[in-house]
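Here the structure is laid out as C-alpha cells; the discussion comes afterwards.
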Amino acid sequence: MQIQLLIPGLLWPTATLLGPAAGLALDGLATLLGRGTRSMHGFEPYDRQLARLFGLEGSALPLAALRRLGEAGPQPPADDGHWLCADPVNLSFAREHLLLQAFDDDQLPAEESAELVAALNESFTDLGRFEACTPTRWYLRLPRASRGTLYPLDDVVGRPVKHFLPEGDDARLWQRTMNEAQILLHNHPLSRAREESGQRAVNSVWLWGAGELERMPQAPAALVQATDPLSIGLARASQCATATPELSSALKQDTLVVIDSLRKPAQRLDLDSWRSGLEALERDWFSPLATALQRGRIDALRLIAPGDRGTLVVANCRSDRWKFWRKPHAFDALLKSISPAPMALPDAPPPTAPHTDR
C-alpha cells in the first residue's frame, strides 16, 4: 500500500534568522525527513506538478475546466462551452507598481458576489456568461476556446500585474476585457460601500486557466483525498474515487492525499496561521504516518512539497524502519538549509584581506 502526500505551502517562502518552524514539536515530520530519502528539485508551478500526478504534461492545460469540474453542486454538460477562471481580485498601487490581492471566502459575502457577477453578465452579454460557484471562485463560460496565454492567479498574487498580462492570439481581447471589468467593478456601489467601511473592494477579475486536454487524466491511485476543486476535478476526469483527507481511510488502499491548508498562509506570509496549520499536520498526519511506517503498515510514502524555491520530495519505504543509523532531521534545520544565501547590502564595503605585520 502506497501513499502520496502533496502539501503545497509546507516550505515557508522566506528565510529569517529565527526559523519559521522554531519551537514547534514536529517529531513525526523529523522522523520522516531523517529516515527517508530527501531530494530538492527546481521550481515548477504547483498546478503542473499536480497535473503530472494524473499523467498530464504541458503548460496549456485547461485548469479552469478541470477546476469547474471539481466544484460542488450540479455539473454543466461536458460539451457546454469552454471555461476560464474569472476570480474576483483587488488591485492597488504600491509605489509605482499595480499589485493584485485575492480574497478568502469569508472576506466576500455570497450575496455581494452574486450581485457583482450579475453586473458582469449585464455588460458582457456578447462574450460569454459569468457564474460564481463560491463567493471567490468565479468562472466565465465561453462559446469557443481561448487562444491566449493567461497566468494562474497564484502566480500573480502580491506581484506587479504588468509582468503577467495576457499573451498570445487573444491577448488584446482579454486585456480589454479585464480593463473593462475593472472599470465596471470599481464604479459599482458595492465596491464604494466596501471602501467606505474599510474593506478591500472587488475592483477587477483575473482571467486564467485556458487550455485544451490532449489526453484524459489517469487515476494516480485507488483514491484521491482532497478538498480543493482542481484536485477533485482531475480525479473526476480520471474517474477516480474522491474523499476528504482522512488518515484511517488513506491507510486502506493506494491513496493520493492533497492537503492545501498551508498554501494560502505561506502565500500571504501569515506565519501564525502557517505554524498552527503545521502543528495540525503533525498531529493528524506526520506523527501517525511515521508510526504506521515503523509498524510496517505502509509499503511506501512519498511526500511532495512544492514551494517558491523548489520542490522537496521525501521518499520513505518499509525497509527504512530498520535503518536505525538514520536520525531524525529537524524541519526547521531543513528550511534553513534550502534558504537562499543572504544578499549583500548595496552599500556594504567589499571584503578585505586580514592585515598582517611583516
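Going by the C-alpha cells order, chains are called A, B, ..., each with residues numbered from 1, while ligands are numbered from 1 in the order shown.
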
Residues near Pro152 (chain A), cut-off 10 Å, only C-alpha atoms, skip fewer than 3 positions along chain, as number ranges by chain: A: 45, 47, 63-64, 85, 149, 155-157, 164, 206-210

Just all heavy atoms for this one: save the residues we selected as a compact mmCIF listing (two decimals), in the first residue's frame.
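After the write, out.txt holds the following:
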```txt
# COMPACT_ATOMS: atom_id res chain seq x y z
N PRO A 45 5.67 25.33 -11.24
CA PRO A 45 4.36 25.71 -10.69
C PRO A 45 3.62 24.52 -10.10
O PRO A 45 3.66 23.41 -10.65
CB PRO A 45 3.63 26.29 -11.91
CG PRO A 45 4.72 26.80 -12.79
CD PRO A 45 5.86 25.82 -12.61
N ASP A 47 0.43 23.78 -9.98
CA ASP A 47 -0.63 23.15 -10.76
C ASP A 47 -0.06 22.17 -11.77
O ASP A 47 -0.68 21.14 -12.07
CB ASP A 47 -1.51 24.19 -11.44
CG ASP A 47 -0.72 25.25 -12.17
OD1 ASP A 47 0.12 24.90 -13.01
OD2 ASP A 47 -0.94 26.45 -11.90
N LEU A 63 -7.01 24.30 -16.93
CA LEU A 63 -7.17 24.30 -15.47
C LEU A 63 -8.53 24.84 -15.05
O LEU A 63 -9.10 24.39 -14.05
CB LEU A 63 -6.06 25.12 -14.83
CG LEU A 63 -4.63 24.62 -15.08
CD1 LEU A 63 -3.62 25.56 -14.44
CD2 LEU A 63 -4.45 23.20 -14.55
N ALA A 64 -9.07 25.79 -15.81
CA ALA A 64 -10.40 26.33 -15.47
C ALA A 64 -11.47 25.26 -15.62
O ALA A 64 -12.32 25.09 -14.74
CB ALA A 64 -10.71 27.53 -16.36
N CYS A 85 -11.28 30.63 -15.54
CA CYS A 85 -11.47 31.14 -14.19
C CYS A 85 -11.51 32.66 -14.29
O CYS A 85 -10.72 33.27 -15.03
CB CYS A 85 -10.33 30.70 -13.28
SG CYS A 85 -10.21 28.92 -13.02
N THR A 149 -2.39 33.01 -23.69
CA THR A 149 -1.65 32.57 -22.51
C THR A 149 -2.10 33.43 -21.34
O THR A 149 -1.88 34.65 -21.34
CB THR A 149 -0.14 32.69 -22.71
OG1 THR A 149 0.27 31.87 -23.81
CG2 THR A 149 0.61 32.27 -21.45
N ASP A 155 0.19 32.68 -9.32
CA ASP A 155 1.47 33.21 -9.78
C ASP A 155 1.53 34.72 -9.66
O ASP A 155 2.61 35.32 -9.69
CB ASP A 155 1.71 32.82 -11.24
CG ASP A 155 1.92 31.33 -11.43
OD1 ASP A 155 1.99 30.61 -10.41
OD2 ASP A 155 2.01 30.88 -12.58
N VAL A 156 0.37 35.38 -9.55
CA VAL A 156 0.31 36.83 -9.66
C VAL A 156 0.09 37.49 -8.30
O VAL A 156 0.43 38.66 -8.12
CB VAL A 156 -0.82 37.25 -10.64
CG1 VAL A 156 -0.71 38.74 -10.98
CG2 VAL A 156 -0.78 36.42 -11.90
N VAL A 157 -0.48 36.77 -7.34
CA VAL A 157 -0.83 37.37 -6.04
C VAL A 157 0.38 38.04 -5.40
O VAL A 157 1.45 37.43 -5.25
CB VAL A 157 -1.41 36.30 -5.10
CG1 VAL A 157 -1.55 36.85 -3.68
CG2 VAL A 157 -2.75 35.82 -5.61
N PHE A 164 2.42 39.93 -15.84
CA PHE A 164 1.58 38.75 -16.06
C PHE A 164 0.38 39.04 -16.95
O PHE A 164 -0.64 38.36 -16.86
CB PHE A 164 1.10 38.21 -14.71
CG PHE A 164 2.21 37.81 -13.78
CD1 PHE A 164 2.72 38.71 -12.85
CD2 PHE A 164 2.78 36.56 -13.86
CE1 PHE A 164 3.74 38.36 -12.00
CE2 PHE A 164 3.81 36.19 -13.01
CZ PHE A 164 4.30 37.09 -12.09
N TRP A 206 -9.56 38.32 -12.42
CA TRP A 206 -8.35 37.77 -13.04
C TRP A 206 -8.74 36.54 -13.84
O TRP A 206 -9.26 35.57 -13.30
CB TRP A 206 -7.30 37.41 -11.99
CG TRP A 206 -5.99 37.09 -12.65
CD1 TRP A 206 -5.44 35.86 -12.85
CD2 TRP A 206 -5.08 38.04 -13.23
NE1 TRP A 206 -4.25 35.98 -13.51
CE2 TRP A 206 -4.01 37.31 -13.76
CE3 TRP A 206 -5.09 39.42 -13.34
CZ2 TRP A 206 -2.92 37.92 -14.40
CZ3 TRP A 206 -4.02 40.04 -13.97
CH2 TRP A 206 -2.96 39.30 -14.49
N LEU A 207 -8.49 36.61 -15.14
CA LEU A 207 -8.85 35.53 -16.06
C LEU A 207 -7.65 34.60 -16.24
O LEU A 207 -6.54 35.06 -16.51
CB LEU A 207 -9.27 36.12 -17.41
CG LEU A 207 -10.45 37.09 -17.39
CD1 LEU A 207 -10.65 37.71 -18.77
CD2 LEU A 207 -11.72 36.40 -16.92
N TRP A 208 -7.90 33.31 -16.10
CA TRP A 208 -6.82 32.35 -16.26
C TRP A 208 -7.40 30.95 -16.45
O TRP A 208 -8.61 30.73 -16.33
CB TRP A 208 -5.89 32.37 -15.04
CG TRP A 208 -6.50 31.96 -13.74
CD1 TRP A 208 -7.26 32.72 -12.92
CD2 TRP A 208 -6.39 30.67 -13.11
NE1 TRP A 208 -7.65 32.00 -11.81
CE2 TRP A 208 -7.12 30.75 -11.90
CE3 TRP A 208 -5.75 29.48 -13.43
CZ2 TRP A 208 -7.22 29.67 -11.02
CZ3 TRP A 208 -5.84 28.40 -12.56
CH2 TRP A 208 -6.56 28.51 -11.37
N GLY A 209 -6.52 29.99 -16.78
CA GLY A 209 -6.93 28.59 -16.86
C GLY A 209 -7.33 28.12 -18.24
O GLY A 209 -7.91 27.04 -18.37
N ALA A 210 -7.02 28.89 -19.30
CA ALA A 210 -7.38 28.44 -20.65
C ALA A 210 -6.52 27.26 -21.07
O ALA A 210 -5.38 27.12 -20.63
CB ALA A 210 -7.21 29.60 -21.63
```

10 Å contact set for region 224-236 of chain A, only C-alpha atoms, chain neighbours under 2 positions out, as a VMD selection string: chain A and resid 4 to 6 47 50 to 51 53 to 54 56 63 to 72 137 216 to 222 238 to 247 249 to 250 254 to 261

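Comparing the minimum interatomic distances between Glu212 (chain A) and each of A:Ala25, A:Ala145, A:Val161, A:Leu312, counting only C-alpha atoms, we find that A:Ala145 sits nearest.
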
Within 9 Å of region 87-90 of chain A using only C-alpha atoms, minus same-chain residues under 3 positions, as a ChimeraX atom specification: /A:99-103,113,132,135-139,153,200-208

How about saving the chosen residues, C-alpha atoms kept, as a CSV table (one decimal), in the first residue's frame?
```
chain,number,residue,atom,x,y,z
A,99,LEU,CA,-0.4,44.8,-7.2
A,100,LEU,CA,-3.0,42.1,-7.1
A,101,GLN,CA,-4.6,40.5,-4.0
A,102,ALA,CA,-7.1,37.7,-3.9
A,103,PHE,CA,-10.0,37.2,-1.4
A,113,SER,CA,-20.6,38.1,-5.0
A,132,ALA,CA,-19.9,32.1,-9.1
A,135,PRO,CA,-18.0,33.8,-3.4
A,136,THR,CA,-14.4,33.9,-4.5
A,137,ARG,CA,-14.3,31.3,-7.3
A,138,TRP,CA,-15.9,32.7,-10.4
A,139,TYR,CA,-15.9,31.4,-14.0
A,153,LEU,CA,-3.9,33.6,-10.1
A,200,ARG,CA,-10.9,45.9,0.2
A,201,ALA,CA,-13.1,46.5,-2.9
A,202,VAL,CA,-13.6,43.9,-5.6
A,203,ASN,CA,-12.3,46.1,-8.4
A,204,SER,CA,-11.3,43.6,-11.1
A,205,VAL,CA,-11.3,39.9,-12.2
A,206,TRP,CA,-8.3,37.8,-13.0
A,207,LEU,CA,-8.8,35.5,-16.1
A,208,TRP,CA,-6.8,32.3,-16.3
```

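Coordinates place CA of Phe43 (chain A) at a distance of 26.5 Å from CA of Ala237 (chain A).
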
Minimum-distance residue to Leu335 (chain A), chosen among A:His163, A:Lys323, A:Arg172, A:Arg309 (using only C-alpha atoms): A:Arg309

DSSP strand (DSSP E) selection over region 179-338 of chain A, as a PyMOL selection string: chain A and resi 204-208+223-225+241-243+255-258+300-307+310-317

All residues 12 Å or closer to Leu24 (chain A), only C-alpha atoms, same chain fewer than 2 positions away omitted, as a ChimeraX atom specification: /A:19-22,26-30,272,274-283,330-332

For Ser123 (chain A): contacts at 10 Å, only C-alpha atoms, fewer than 6 positions along chain excluded, given as an NGL selection string: :A and (180-181 or 184)

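Put simply, CA of Gly211 (chain A) is 29.3 Å away from CA of Arg302 (chain A).
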
Shortest interatomic distance to Arg326 (chain A) - which of A:Gly310, A:Gly36, A:Gly296, A:Gly58, counting only C-alpha atoms: A:Gly36

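Distance check against Asp126 (chain A) using only C-alpha atoms: of A:Pro143, A:Pro288, A:Gly148, A:Gly307, the minimum falls on A:Pro143.
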